[in-house]
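Reading through the structure tokens given below for one structure.
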Number of protein chains: 2
Amino acid sequence: MNLIQEIHSYLSSDIQAMNEIIVDSLSVEEELIKVISTHLSTTGGKRMRPILTVLSAKMLGYEGSQSIKLAAAVEFIHMATLLHDDVVDGSKMRRFLPTANVVWGSKASILVGDFLFSQSFKLIVSTKIIPALLALSNASAIIAEGEVSQLVKLEQKRIVGEEEYLKVINAKTAELFGTACEVGGIVAGREDLAPNLKNFGLCLGNIFQIADDALDYFSDSSKVGKNVGDDFFEGKITLPIILLTRKISDKENNRLRKMIEAQERSEADFNWIKLIMNEHEIQTDIKTYLDALRLNALNSLAEINVKNKPKEYLERLVDFAINRSY
Amino acid sequence: MNLIQEIHSYLSSDIQAMNEIIVDSLSVEEELIKVISTHLSTTGGKRMRPILTVLSAKMLGYEGSQSIKLAAAVEFIHMATLLHDDVVDGSKMRRFLPTANVVWGSKASILVGDFLFSQSFKLIVSTKIIPALLALSNASAIIAEGEVSQLVKLEQKRIVGEEEYLKVINAKTAELFGTACEVGGIVAGREDLAPNLKNFGLCLGNIFQIADDALDYFSDSSKVGKNVGDDFFEGKITLPIILLTRKISDKENNRLRKMIEAQERSEADFNWIKLIMNEHEIQTDIKTYLDALRLNALNSLAEINVKNKPKEYLERLVDFAINRSY
């Protein structure tokens with residue numbers, strides 16, 4: 001049993017309650033909404049973000065049901081983003097299954113994504129907890145701006161720097177992780193600890209995204225359930241490339257730059273990149289990078305003066321996230 | 001000066017305040033968001049929905065600034081829907097200008113639409129008025145479901161009945177008109193009048209949409225600023241077709257059905273449709289249909305026991321909407 005399965009088992013009644021809310025929100029007349037959302041739940045996987053909300057609230061002693069509603073809302077935001085992302089990226093496969101846009105078309109993905117986003121909005125409002133509403137509405141705006149930002153950068157066909165990269169992944173991934181933790185604290189009546197929880201979630205989200213970006217170079221399709229090399233073939237610049245540019249010669253950097261500026265990238269290009277990444281031990285550099293984020297995350301948690309099972313799970317999630325990358 | 005211009009002039013300070021909120025919400029780092037939203041404001045036009053919120057609140061004596069925020073939020077929901085609609089419909093022209101998806105591509109339209117939707121969410125939450133939050137989050141879910149419904153029906157390539165048609169336009173258009181009016185009442189502290197305002201807005205929204213659908217058959221491009229016949233060429237069934245099917249022979253109905261089931265429809269098909277619509281006086285039937293909605297709308301307003309300028313404008317908007325159709 002891996003950590004996620006263990007947490008699912010520990011939170012089984014909460015997750016069941018959340019799944020009921022999700023099913024309930026999707027019980028609309030239009031069958032296509034249910035079909036696509038169910039497919040997405042299957043391919044979306046771990047319910048990582050709602051777990052964060054429930055664990056954060058539980059760590060602070062909250063036992064009510066509002067955290068479950070917020071957790072479901074967080075999951076809906078995530079699902080909506082996945083649907084729109086896959087359309088924008090033209091992704092064909094996710095967790096061993098074809099993406100919704102491949103099966104039902106982009107139009108359906110766009111509109112069902114909008115529906116899921118509106119359901120999240122409805123659920124959040126139903127809690128009537130103003131600080132949670134403010135946090136989540138703010139997060140959704142940051143996420144949306146981050147998505148636009150990423151698109152603009154991609155279309156510029158240039159190698160962005162570390163700062164620009166971090167800004168994008170902070171917005172498109174870490175923000176929702178951070179807010180998921182934050183609203184867990186808010187619902188538990190501990191707004192004083194919200195900054196710690198937010199920072200913990202931000203770091204964890206960054207770790208997840210960086211690990212994910214690393215997998216695109218250092219794993220194979222059979223392991224991750226999606227096409228490896230997608231980012232590179234799309235011309236999307238992520239941390240492995242950024243770290244690589246610091247270590248290779250001017251001549252090699254020129255070659256890399258031309259690849260990114262080109263209309264398309266070949267398998268041979270990808271193999272060359274993997275070869276020089278291997279030569280320059282980029283995978284180790286990624287691990288070093290993640291270790292810094294790990295410490296930051298754990299420090300934020302350490303400042304919260306409790307010792308219990310939910311906290312232990314939050315801590316262990318950090319290492320779980322890091323271990324995905326190698 | 002037409003009625004809309006007159007109302008804009010009457011509400012000039014409110015509209016200016018609303019425009020400032022809109023500009024402020026769009027003052028983000030990512031330039032593309034501002035560029036697309038500004039284009040959309042130019043092509044989106046009349047600010048009809050926010051006007052309804054402000055007039056409804058004013059009619060009931062409200063003079064604060066919360067109605068302005070809600071009005072801006074309503075406009076953002078509308079703008080987000082326009083962007084996604086144009087992608088899904090593949091629309092090329094709106095109010096004499098190319099659509100955003102033509103100029104900046106579908107990907108940008110999808111993501112900037114998401115951004116606008118998140119901004120509306122943020123603005124609504126910032127008012128902290130729970131009943132308004134509930135009304136608008138509910139409306140956004142209904143609108144999104146309506147959009148999916150419309151897509152599903154379109155892909156079925158069949159002639160839907162009046163009831164199915166009304167269900168779709170109620171969700172995709174009338175719901176936001178209704179909620180725009182309703183939250184005007186809520187913000188004025190008159191939740192008792194919210195049902196009247198909601199019904200007024202629903203009727204007005206239906207009138208607008210039906211008039212719009214009629215224009216697609218009974219106007220020309222130079223007048224409406226978009227391609228005439230779009231609905232027919234797309235295979236979208238609207239009221240003129242539905243009313244026509246009741247009057248033509250079985251043989252003609254068969255011919256019509258085959259046209260809708262076909263992959264594409266020709267100019268000759270469209271000319272035939274316009275010809276038999278003319279023969280059977282469908283435009284007059286539309287007017288009769290709209291008159292019933294007109295009475296319903298005005299009755300709801302009449303039950304609100306005030307007599308002032310904002311109410312007069314709301315009443316006059318009904319006839320303005322009807323007169324668009326012929």
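Following the order of the structure tokens, chains are lettered A, B, ..., residues in each are numbered from 1, and ligands are numbered from 1.
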
Query raised in the report: Which neighbours of Asn199 in chain B fall inside 8 Å, counting only C-alpha atoms, when residues of the same chain fewer than 3 positions from it are skipped, and could you give them as a PyMOL selection string?
Result: chain B and resi 178+195-196+202-203+297+300

Take the residues that were just selected and, keeping C-alpha atoms, output them as a PDB file, in the first residue's frame.
```
ATOM      1  CA  GLY B 178     -33.077  37.133 -14.777  1.00  0.00           C
ATOM      2  CA  PRO B 195     -38.995  36.613  -7.759  1.00  0.00           C
ATOM      3  CA  ASN B 196     -40.702  39.416  -9.702  1.00  0.00           C
ATOM      4  CA  LEU B 202     -36.142  35.817 -17.667  1.00  0.00           C
ATOM      5  CA  CYS B 203     -38.885  37.065 -20.015  1.00  0.00           C
ATOM      6  CA  ALA B 297     -42.541  40.674 -18.317  1.00  0.00           C
ATOM      7  CA  SER B 300     -44.070  41.173 -13.142  1.00  0.00           C
TER       8      SER B 300
END
```

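Residues of chain A lying within 6 Å of chain B, counting only C-alpha atoms, are Val88, Lys107, Leu111, Asp114, Phe115, Ser118, Gln119, Phe121, Lys122, Ser137, Ser140, Ala141, Ala144 and Val148 of chain A.
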
Grab the residues selected above and save them as a CSV table (one decimal), in the first residue's frame with all heavy atoms.
```
chain,number,residue,atom,x,y,z
A,88,VAL,N,-6.1,22.9,-24.6
A,88,VAL,CA,-5.1,23.9,-25.0
A,88,VAL,C,-3.8,23.2,-25.4
A,88,VAL,O,-3.2,23.6,-26.4
A,88,VAL,CB,-4.9,24.9,-23.9
A,88,VAL,CG1,-3.7,25.8,-24.2
A,88,VAL,CG2,-6.2,25.8,-23.7
A,107,LYS,N,-14.9,20.8,-27.9
A,107,LYS,CA,-16.1,21.6,-27.6
A,107,LYS,C,-16.7,21.1,-26.3
A,107,LYS,O,-17.0,21.9,-25.3
A,107,LYS,CB,-17.2,21.5,-28.7
A,107,LYS,CG,-16.7,22.1,-30.0
A,107,LYS,CD,-17.8,21.9,-31.1
A,107,LYS,CE,-17.3,22.5,-32.4
A,107,LYS,NZ,-18.3,22.5,-33.4
A,111,LEU,N,-16.9,23.1,-22.6
A,111,LEU,CA,-18.2,23.4,-21.9
A,111,LEU,C,-18.4,22.6,-20.6
A,111,LEU,O,-18.9,23.2,-19.6
A,111,LEU,CB,-19.4,23.2,-22.8
A,111,LEU,CG,-19.3,24.1,-24.1
A,111,LEU,CD1,-20.5,23.8,-25.0
A,111,LEU,CD2,-19.3,25.6,-23.7
A,114,ASP,N,-16.3,24.4,-18.0
A,114,ASP,CA,-17.1,25.5,-17.5
A,114,ASP,C,-18.1,25.1,-16.4
A,114,ASP,O,-18.3,25.7,-15.4
A,114,ASP,CB,-17.8,26.3,-18.6
A,114,ASP,CG,-16.8,27.0,-19.5
A,114,ASP,OD1,-15.6,27.1,-19.1
A,114,ASP,OD2,-17.2,27.5,-20.5
A,115,PHE,N,-18.8,24.0,-16.7
A,115,PHE,CA,-19.8,23.5,-15.8
A,115,PHE,C,-19.1,23.1,-14.5
A,115,PHE,O,-19.6,23.4,-13.4
A,115,PHE,CB,-20.5,22.3,-16.4
A,115,PHE,CG,-21.5,21.7,-15.4
A,115,PHE,CD1,-22.8,22.2,-15.3
A,115,PHE,CD2,-21.1,20.6,-14.6
A,115,PHE,CE1,-23.6,21.7,-14.4
A,115,PHE,CE2,-22.0,20.0,-13.7
A,115,PHE,CZ,-23.3,20.6,-13.6
A,118,SER,N,-18.3,26.1,-12.5
A,118,SER,CA,-19.4,26.7,-11.9
A,118,SER,C,-19.9,25.9,-10.7
A,118,SER,O,-20.4,26.5,-9.7
A,118,SER,CB,-20.6,26.9,-12.9
A,118,SER,OG,-21.1,25.6,-13.2
A,119,GLN,N,-19.8,24.6,-10.7
A,119,GLN,CA,-20.2,23.8,-9.6
A,119,GLN,C,-19.3,24.0,-8.4
A,119,GLN,O,-19.7,24.0,-7.3
A,119,GLN,CB,-20.1,22.3,-10.0
A,119,GLN,CG,-21.3,21.8,-10.8
A,119,GLN,CD,-22.6,22.0,-10.2
A,119,GLN,OE1,-22.8,21.8,-9.0
A,119,GLN,NE2,-23.5,22.6,-11.0
A,121,PHE,N,-17.8,26.8,-7.7
A,121,PHE,CA,-18.2,28.1,-7.3
A,121,PHE,C,-19.5,27.9,-6.4
A,121,PHE,O,-19.5,28.5,-5.2
A,121,PHE,CB,-18.5,28.9,-8.5
A,121,PHE,CG,-19.0,30.3,-8.3
A,121,PHE,CD1,-18.8,31.0,-7.1
A,121,PHE,CD2,-19.5,31.0,-9.4
A,121,PHE,CE1,-19.3,32.3,-7.0
A,121,PHE,CE2,-20.0,32.3,-9.2
A,121,PHE,CZ,-19.8,33.0,-8.0
A,122,LYS,N,-20.4,27.1,-6.8
A,122,LYS,CA,-21.7,26.9,-6.1
A,122,LYS,C,-21.4,26.2,-4.7
A,122,LYS,O,-22.0,26.6,-3.7
A,122,LYS,CB,-22.5,26.0,-6.9
A,122,LYS,CG,-24.0,26.4,-7.1
A,122,LYS,CD,-24.7,25.5,-8.0
A,122,LYS,CE,-26.0,25.0,-7.3
A,122,LYS,NZ,-26.9,24.3,-8.2
A,137,SER,N,-11.7,32.2,-4.4
A,137,SER,CA,-12.0,33.1,-5.6
A,137,SER,C,-10.7,33.7,-6.1
A,137,SER,O,-10.4,33.8,-7.3
A,137,SER,CB,-13.1,34.1,-5.4
A,137,SER,OG,-12.7,35.0,-4.4
A,140,SER,N,-8.6,31.1,-7.9
A,140,SER,CA,-9.0,30.7,-9.2
A,140,SER,C,-8.6,31.8,-10.2
A,140,SER,O,-8.3,31.5,-11.4
A,140,SER,CB,-10.5,30.4,-9.3
A,140,SER,OG,-11.3,31.6,-9.2
A,141,ALA,N,-8.6,33.1,-9.8
A,141,ALA,CA,-8.1,34.1,-10.7
A,141,ALA,C,-6.6,34.0,-11.0
A,141,ALA,O,-6.2,34.2,-12.1
A,141,ALA,CB,-8.4,35.5,-10.1
A,144,ALA,N,-6.1,31.1,-13.4
A,144,ALA,CA,-6.5,31.4,-14.8
A,144,ALA,C,-5.4,32.3,-15.4
A,144,ALA,O,-5.1,32.2,-16.6
A,144,ALA,CB,-7.8,32.1,-14.8
A,148,VAL,N,-3.0,31.6,-18.9
A,148,VAL,CA,-2.8,32.5,-20.0
A,148,VAL,C,-1.3,32.8,-20.2
A,148,VAL,O,-0.7,32.8,-21.3
A,148,VAL,CB,-3.5,33.9,-19.8
A,148,VAL,CG1,-3.3,34.8,-21.0
A,148,VAL,CG2,-5.0,33.6,-19.7
```

Mind checking which residues fall within 9 Å of Gln66 in chain B, counting only C-alpha atoms, ignoring those fewer than 3 positions away in the same chain, and posting them as a PDB file with N, CA and C atoms, in the first residue's frame?
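Final output, out-v6.pdb:
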```pdb
ATOM      1  N   GLU B  63     -28.772  53.193  -3.479  1.00  0.00           N
ATOM      2  CA  GLU B  63     -27.834  54.185  -4.024  1.00  0.00           C
ATOM      3  C   GLU B  63     -26.374  53.840  -3.737  1.00  0.00           C
ATOM      4  N   LYS B  69     -20.580  46.628  -8.369  1.00  0.00           N
ATOM      5  CA  LYS B  69     -19.697  45.458  -8.387  1.00  0.00           C
ATOM      6  C   LYS B  69     -20.413  44.249  -8.974  1.00  0.00           C
ATOM      7  N   LEU B  70     -21.655  44.047  -8.549  1.00  0.00           N
ATOM      8  CA  LEU B  70     -22.412  42.907  -9.067  1.00  0.00           C
ATOM      9  C   LEU B  70     -22.667  43.070 -10.565  1.00  0.00           C
ATOM     10  N   ALA B  71     -22.907  44.308 -10.984  1.00  0.00           N
ATOM     11  CA  ALA B  71     -23.129  44.568 -12.410  1.00  0.00           C
ATOM     12  C   ALA B  71     -21.881  44.196 -13.213  1.00  0.00           C
ATOM     13  N   THR B 127     -18.416  41.370  -2.530  1.00  0.00           N
ATOM     14  CA  THR B 127     -19.580  42.075  -1.956  1.00  0.00           C
ATOM     15  C   THR B 127     -20.006  41.440  -0.628  1.00  0.00           C
ATOM     16  N   ILE B 129     -22.307  39.561  -0.011  1.00  0.00           N
ATOM     17  CA  ILE B 129     -23.767  39.471   0.140  1.00  0.00           C
ATOM     18  C   ILE B 129     -24.190  38.046  -0.227  1.00  0.00           C
ATOM     19  N   VAL B 187     -29.558  43.370  -3.587  1.00  0.00           N
ATOM     20  CA  VAL B 187     -28.625  44.376  -3.075  1.00  0.00           C
ATOM     21  C   VAL B 187     -29.396  45.572  -2.479  1.00  0.00           C
TER      22      VAL B 187
END
```

Requested in this report: Go through B:Ile159, B:Leu301, B:Leu293, B:Ile282 and flag the residue nearest Leu256 in chain B, using only C-alpha atoms for the distances.
Outcome: B:Ile159

Query raised in the report: Which neighbours of Asn308 in chain A fall inside 7 Å, counting only C-alpha atoms, when residues of the same chain fewer than 3 positions from it are skipped, and could you give them as a PyMOL selection string?
Result: chain A and resi 59+311-312

Query - Those in range 8-110 of chain B with helix (DSSP H, G or I) from DSSP, as JSON, numbers by chain - result: {"B": [8, 9, 10, 12, 13, 14, 15, 16, 17, 18, 19, 20, 21, 22, 23, 24, 25, 31, 32, 33, 34, 35, 36, 37, 38, 39, 40, 41, 42, 43, 44, 48, 49, 50, 51, 52, 53, 54, 55, 56, 57, 58, 59, 66, 67, 68, 69, 70, 71, 72, 73, 74, 75, 76, 77, 78, 79, 80, 81, 82, 83, 84, 85, 86, 87, 88, 89, 100, 101, 102, 103, 104, 106, 107, 108, 109, 110]}

Report task. Kindly give the distance, in Å, that separates CA of Ile260 in chain A and CA of Gly235 in chain A, rounded to a single decimal. Result -> 5.5 Å

**Report entry** Test item: residues at most 12 Å from Thr284 in chain A, only C-alpha atoms, excluding those fewer than 5 positions along its chain, as a VMD selection string
**Finding:** chain A and resid 211 214 218 240 243 to 244 277 to 279 289 to 291 322 325 to 326

Query raised in the report: Closest to Lys46 in chain B among B:Thr288, B:Asn253, B:Asn206, B:Gln5, using only C-alpha atoms?
Result: B:Gln5

Query raised in the report: Just asking: which residues within range 15-172 of chain B are strand (DSSP E or B) according to DSSP, as JSON, numbers by chain?
Result: {"B": [93, 94, 97, 98]}

Output all heavy atoms for every residue in the selection just made, as a PDB file, in the first residue's frame.
```pdb
ATOM      1  N   MET B  93     -17.333  36.320 -36.822  1.00  0.00           N
ATOM      2  CA  MET B  93     -17.589  37.764 -36.817  1.00  0.00           C
ATOM      3  C   MET B  93     -18.623  38.086 -35.755  1.00  0.00           C
ATOM      4  O   MET B  93     -19.563  37.328 -35.538  1.00  0.00           O
ATOM      5  CB  MET B  93     -18.114  38.165 -38.201  1.00  0.00           C
ATOM      6  CG  MET B  93     -17.950  39.617 -38.527  1.00  0.00           C
ATOM      7  SD  MET B  93     -18.090  39.911 -40.333  1.00  0.00           S
ATOM      8  CE  MET B  93     -19.810  40.286 -40.523  1.00  0.00           C
ATOM      9  N   ARG B  94     -18.434  39.205 -35.074  1.00  0.00           N
ATOM     10  CA  ARG B  94     -19.390  39.660 -34.067  1.00  0.00           C
ATOM     11  C   ARG B  94     -19.377  41.185 -34.066  1.00  0.00           C
ATOM     12  O   ARG B  94     -18.335  41.788 -33.918  1.00  0.00           O
ATOM     13  CB  ARG B  94     -18.984  39.115 -32.695  1.00  0.00           C
ATOM     14  CG  ARG B  94     -20.014  39.345 -31.599  1.00  0.00           C
ATOM     15  CD  ARG B  94     -19.545  38.831 -30.249  1.00  0.00           C
ATOM     16  NE  ARG B  94     -19.738  37.398 -30.074  1.00  0.00           N
ATOM     17  CZ  ARG B  94     -20.903  36.827 -29.763  1.00  0.00           C
ATOM     18  NH1 ARG B  94     -21.989  37.554 -29.647  1.00  0.00           N
ATOM     19  NH2 ARG B  94     -20.979  35.518 -29.598  1.00  0.00           N
ATOM     20  N   LEU B  97     -16.784  43.014 -36.295  1.00  0.00           N
ATOM     21  CA  LEU B  97     -15.356  42.762 -36.111  1.00  0.00           C
ATOM     22  C   LEU B  97     -15.104  41.257 -36.041  1.00  0.00           C
ATOM     23  O   LEU B  97     -15.987  40.500 -35.653  1.00  0.00           O
ATOM     24  CB  LEU B  97     -14.875  43.409 -34.794  1.00  0.00           C
ATOM     25  CG  LEU B  97     -14.657  44.920 -34.835  1.00  0.00           C
ATOM     26  CD1 LEU B  97     -14.375  45.442 -33.430  1.00  0.00           C
ATOM     27  CD2 LEU B  97     -13.499  45.282 -35.775  1.00  0.00           C
ATOM     28  N   PRO B  98     -13.897  40.833 -36.420  1.00  0.00           N
ATOM     29  CA  PRO B  98     -13.578  39.403 -36.276  1.00  0.00           C
ATOM     30  C   PRO B  98     -13.610  39.017 -34.788  1.00  0.00           C
ATOM     31  O   PRO B  98     -13.268  39.825 -33.930  1.00  0.00           O
ATOM     32  CB  PRO B  98     -12.163  39.284 -36.838  1.00  0.00           C
ATOM     33  CG  PRO B  98     -11.618  40.664 -36.846  1.00  0.00           C
ATOM     34  CD  PRO B  98     -12.783  41.595 -36.998  1.00  0.00           C
TER      35      PRO B  98
END
```

Report task. Mind checking which residues fall within 9 Å of Thr238 in chain B, counting only C-alpha atoms, ignoring those fewer than 4 positions away in the same chain, and posting them as a list in words? Result -> Ile159, Val160, Glu162, Tyr165, Ile210, Asp213, Ala214, Asp231, Phe232, Ile242 and Leu243 of chain B

Could the residues in this selection be saved with N, CA, C and O atoms as an mmCIF file, in the first residue's frame?
```cif
data_model
loop_
_atom_site.group_PDB
_atom_site.id
_atom_site.type_symbol
_atom_site.label_atom_id
_atom_site.label_comp_id
_atom_site.auth_asym_id
_atom_site.auth_seq_id
_atom_site.Cartn_x
_atom_site.Cartn_y
_atom_site.Cartn_z
ATOM 1 N N ILE B 159 -34.408 18.089 -35.455
ATOM 2 C CA ILE B 159 -35.214 19.282 -35.225
ATOM 3 C C ILE B 159 -35.864 19.179 -33.853
ATOM 4 O O ILE B 159 -36.777 18.389 -33.643
ATOM 5 N N VAL B 160 -35.347 19.953 -32.892
ATOM 6 C CA VAL B 160 -35.895 19.908 -31.538
ATOM 7 C C VAL B 160 -37.247 20.616 -31.505
ATOM 8 O O VAL B 160 -37.578 21.405 -32.392
ATOM 9 N N GLU B 162 -40.353 22.968 -29.458
ATOM 10 C CA GLU B 162 -40.387 24.269 -28.795
ATOM 11 C C GLU B 162 -39.887 24.175 -27.353
ATOM 12 O O GLU B 162 -39.135 25.029 -26.894
ATOM 13 N N TYR B 165 -36.154 23.814 -27.132
ATOM 14 C CA TYR B 165 -35.544 25.080 -27.536
ATOM 15 C C TYR B 165 -35.608 26.088 -26.390
ATOM 16 O O TYR B 165 -34.611 26.726 -26.036
ATOM 17 N N ILE B 210 -34.824 35.250 -28.644
ATOM 18 C CA ILE B 210 -35.713 34.897 -29.753
ATOM 19 C C ILE B 210 -35.581 35.940 -30.878
ATOM 20 O O ILE B 210 -35.526 35.596 -32.059
ATOM 21 N N ASP B 213 -32.401 35.224 -32.626
ATOM 22 C CA ASP B 213 -32.538 34.045 -33.479
ATOM 23 C C ASP B 213 -33.344 34.377 -34.738
ATOM 24 O O ASP B 213 -33.094 33.819 -35.817
ATOM 25 N N ALA B 214 -34.314 35.278 -34.591
ATOM 26 C CA ALA B 214 -35.113 35.679 -35.752
ATOM 27 C C ALA B 214 -34.277 36.496 -36.736
ATOM 28 O O ALA B 214 -34.374 36.338 -37.952
ATOM 29 N N ASP B 231 -26.914 30.254 -37.824
ATOM 30 C CA ASP B 231 -27.608 29.177 -37.111
ATOM 31 C C ASP B 231 -28.007 28.068 -38.074
ATOM 32 O O ASP B 231 -27.794 26.886 -37.805
ATOM 33 N N PHE B 232 -28.584 28.471 -39.200
ATOM 34 C CA PHE B 232 -29.039 27.472 -40.173
ATOM 35 C C PHE B 232 -27.869 26.665 -40.721
ATOM 36 O O PHE B 232 -27.917 25.437 -40.768
ATOM 37 N N ILE B 242 -38.788 26.068 -35.885
ATOM 38 C CA ILE B 242 -39.794 25.292 -35.145
ATOM 39 C C ILE B 242 -41.206 25.721 -35.547
ATOM 40 O O ILE B 242 -42.082 24.890 -35.803
ATOM 41 N N LEU B 243 -41.417 27.043 -35.633
ATOM 42 C CA LEU B 243 -42.748 27.526 -36.037
ATOM 43 C C LEU B 243 -43.050 27.132 -37.489
ATOM 44 O O LEU B 243 -44.189 26.816 -37.842
#
```

Report task. Show which residues sit within 12 Å of Lys258 in chain A, as number ranges by chain. Count only C-alpha atoms, and ignore same-chain residues fewer than 6 positions away. Result -> A: 157-159, 235, 251-252, 264-265, 269

Output the selection as an mmCIF file, in the first residue's frame - all heavy atoms for each residue.
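Saved to part_2.cif:
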```cif
data_model
loop_
_atom_site.group_PDB
_atom_site.id
_atom_site.type_symbol
_atom_site.label_atom_id
_atom_site.label_comp_id
_atom_site.auth_asym_id
_atom_site.auth_seq_id
_atom_site.Cartn_x
_atom_site.Cartn_y
_atom_site.Cartn_z
ATOM 1 N N LYS A 157 8.090 30.863 -28.142
ATOM 2 C CA LYS A 157 9.155 29.954 -28.570
ATOM 3 C C LYS A 157 10.533 30.401 -28.104
ATOM 4 O O LYS A 157 11.446 30.588 -28.909
ATOM 5 C CB LYS A 157 9.185 29.838 -30.104
ATOM 6 C CG LYS A 157 7.996 29.141 -30.708
ATOM 7 C CD LYS A 157 8.098 29.146 -32.235
ATOM 8 C CE LYS A 157 7.012 28.315 -32.851
ATOM 9 N NZ LYS A 157 7.092 26.899 -32.470
ATOM 10 N N ARG A 158 10.664 30.623 -26.810
ATOM 11 C CA ARG A 158 11.987 30.979 -26.309
ATOM 12 C C ARG A 158 12.246 30.253 -24.993
ATOM 13 O O ARG A 158 11.317 29.761 -24.362
ATOM 14 C CB ARG A 158 12.108 32.500 -26.123
ATOM 15 C CG ARG A 158 11.196 33.041 -25.052
ATOM 16 C CD ARG A 158 11.238 34.562 -24.945
ATOM 17 N NE ARG A 158 10.177 35.007 -24.045
ATOM 18 C CZ ARG A 158 10.298 35.033 -22.714
ATOM 19 N NH1 ARG A 158 11.420 34.682 -22.139
ATOM 20 N NH2 ARG A 158 9.283 35.432 -21.957
ATOM 21 N N ILE A 159 13.492 30.174 -24.607
ATOM 22 C CA ILE A 159 13.847 29.486 -23.367
ATOM 23 C C ILE A 159 13.705 30.460 -22.204
ATOM 24 O O ILE A 159 14.508 31.376 -22.048
ATOM 25 C CB ILE A 159 15.274 28.908 -23.459
ATOM 26 C CG1 ILE A 159 15.345 27.932 -24.643
ATOM 27 C CG2 ILE A 159 15.672 28.230 -22.152
ATOM 28 C CD1 ILE A 159 16.680 27.278 -24.850
ATOM 29 N N GLY A 235 7.544 22.254 -27.062
ATOM 30 C CA GLY A 235 8.392 23.443 -26.914
ATOM 31 C C GLY A 235 8.202 24.127 -25.573
ATOM 32 O O GLY A 235 8.543 25.295 -25.395
ATOM 33 N N LYS A 251 27.836 26.464 -27.798
ATOM 34 C CA LYS A 251 27.464 25.798 -29.038
ATOM 35 C C LYS A 251 26.236 24.911 -28.818
ATOM 36 O O LYS A 251 25.276 24.916 -29.596
ATOM 37 C CB LYS A 251 28.653 24.949 -29.539
ATOM 38 C CG LYS A 251 28.623 24.674 -31.013
ATOM 39 C CD LYS A 251 29.809 23.796 -31.434
ATOM 40 C CE LYS A 251 29.380 22.825 -32.525
ATOM 41 N NZ LYS A 251 30.295 21.685 -32.645
ATOM 42 N N GLU A 252 26.283 24.176 -27.714
ATOM 43 C CA GLU A 252 25.137 23.311 -27.404
ATOM 44 C C GLU A 252 23.888 24.143 -27.089
ATOM 45 O O GLU A 252 22.773 23.799 -27.477
ATOM 46 C CB GLU A 252 25.477 22.386 -26.221
ATOM 47 C CG GLU A 252 26.452 21.266 -26.598
ATOM 48 C CD GLU A 252 27.002 20.521 -25.385
ATOM 49 O OE1 GLU A 252 27.338 21.191 -24.364
ATOM 50 O OE2 GLU A 252 27.114 19.286 -25.447
ATOM 51 N N GLU A 264 8.781 22.323 -35.207
ATOM 52 C CA GLU A 264 8.614 21.005 -34.589
ATOM 53 C C GLU A 264 9.939 20.476 -34.088
ATOM 54 O O GLU A 264 11.007 20.914 -34.521
ATOM 55 C CB GLU A 264 8.041 20.022 -35.624
ATOM 56 C CG GLU A 264 6.588 20.251 -35.910
ATOM 57 C CD GLU A 264 6.016 19.164 -36.804
ATOM 58 O OE1 GLU A 264 6.789 18.334 -37.309
ATOM 59 O OE2 GLU A 264 4.783 19.160 -36.990
ATOM 60 N N ARG A 265 9.876 19.500 -33.186
ATOM 61 C CA ARG A 265 11.071 18.855 -32.660
ATOM 62 C C ARG A 265 10.985 17.356 -32.953
ATOM 63 O O ARG A 265 9.907 16.767 -32.855
ATOM 64 C CB ARG A 265 11.189 19.116 -31.160
ATOM 65 C CG ARG A 265 11.758 20.510 -30.810
ATOM 66 C CD ARG A 265 11.135 21.108 -29.567
ATOM 67 N NE ARG A 265 9.739 21.444 -29.804
ATOM 68 C CZ ARG A 265 9.314 22.559 -30.417
ATOM 69 N NH1 ARG A 265 10.193 23.449 -30.809
ATOM 70 N NH2 ARG A 265 8.034 22.779 -30.641
ATOM 71 N N ASP A 269 16.089 14.884 -31.781
ATOM 72 C CA ASP A 269 16.329 16.034 -30.897
ATOM 73 C C ASP A 269 16.151 15.623 -29.437
ATOM 74 O O ASP A 269 16.965 15.937 -28.573
ATOM 75 C CB ASP A 269 15.328 17.169 -31.197
ATOM 76 C CG ASP A 269 15.512 17.782 -32.581
ATOM 77 O OD1 ASP A 269 16.631 17.665 -33.129
ATOM 78 O OD2 ASP A 269 14.544 18.370 -33.098
#
```

Query raised in the report: Could you state the separation of CA of Phe76 in chain B and CA of Lys167 in chain B in Å, given to one decimal place?
Result: 23.0 Å
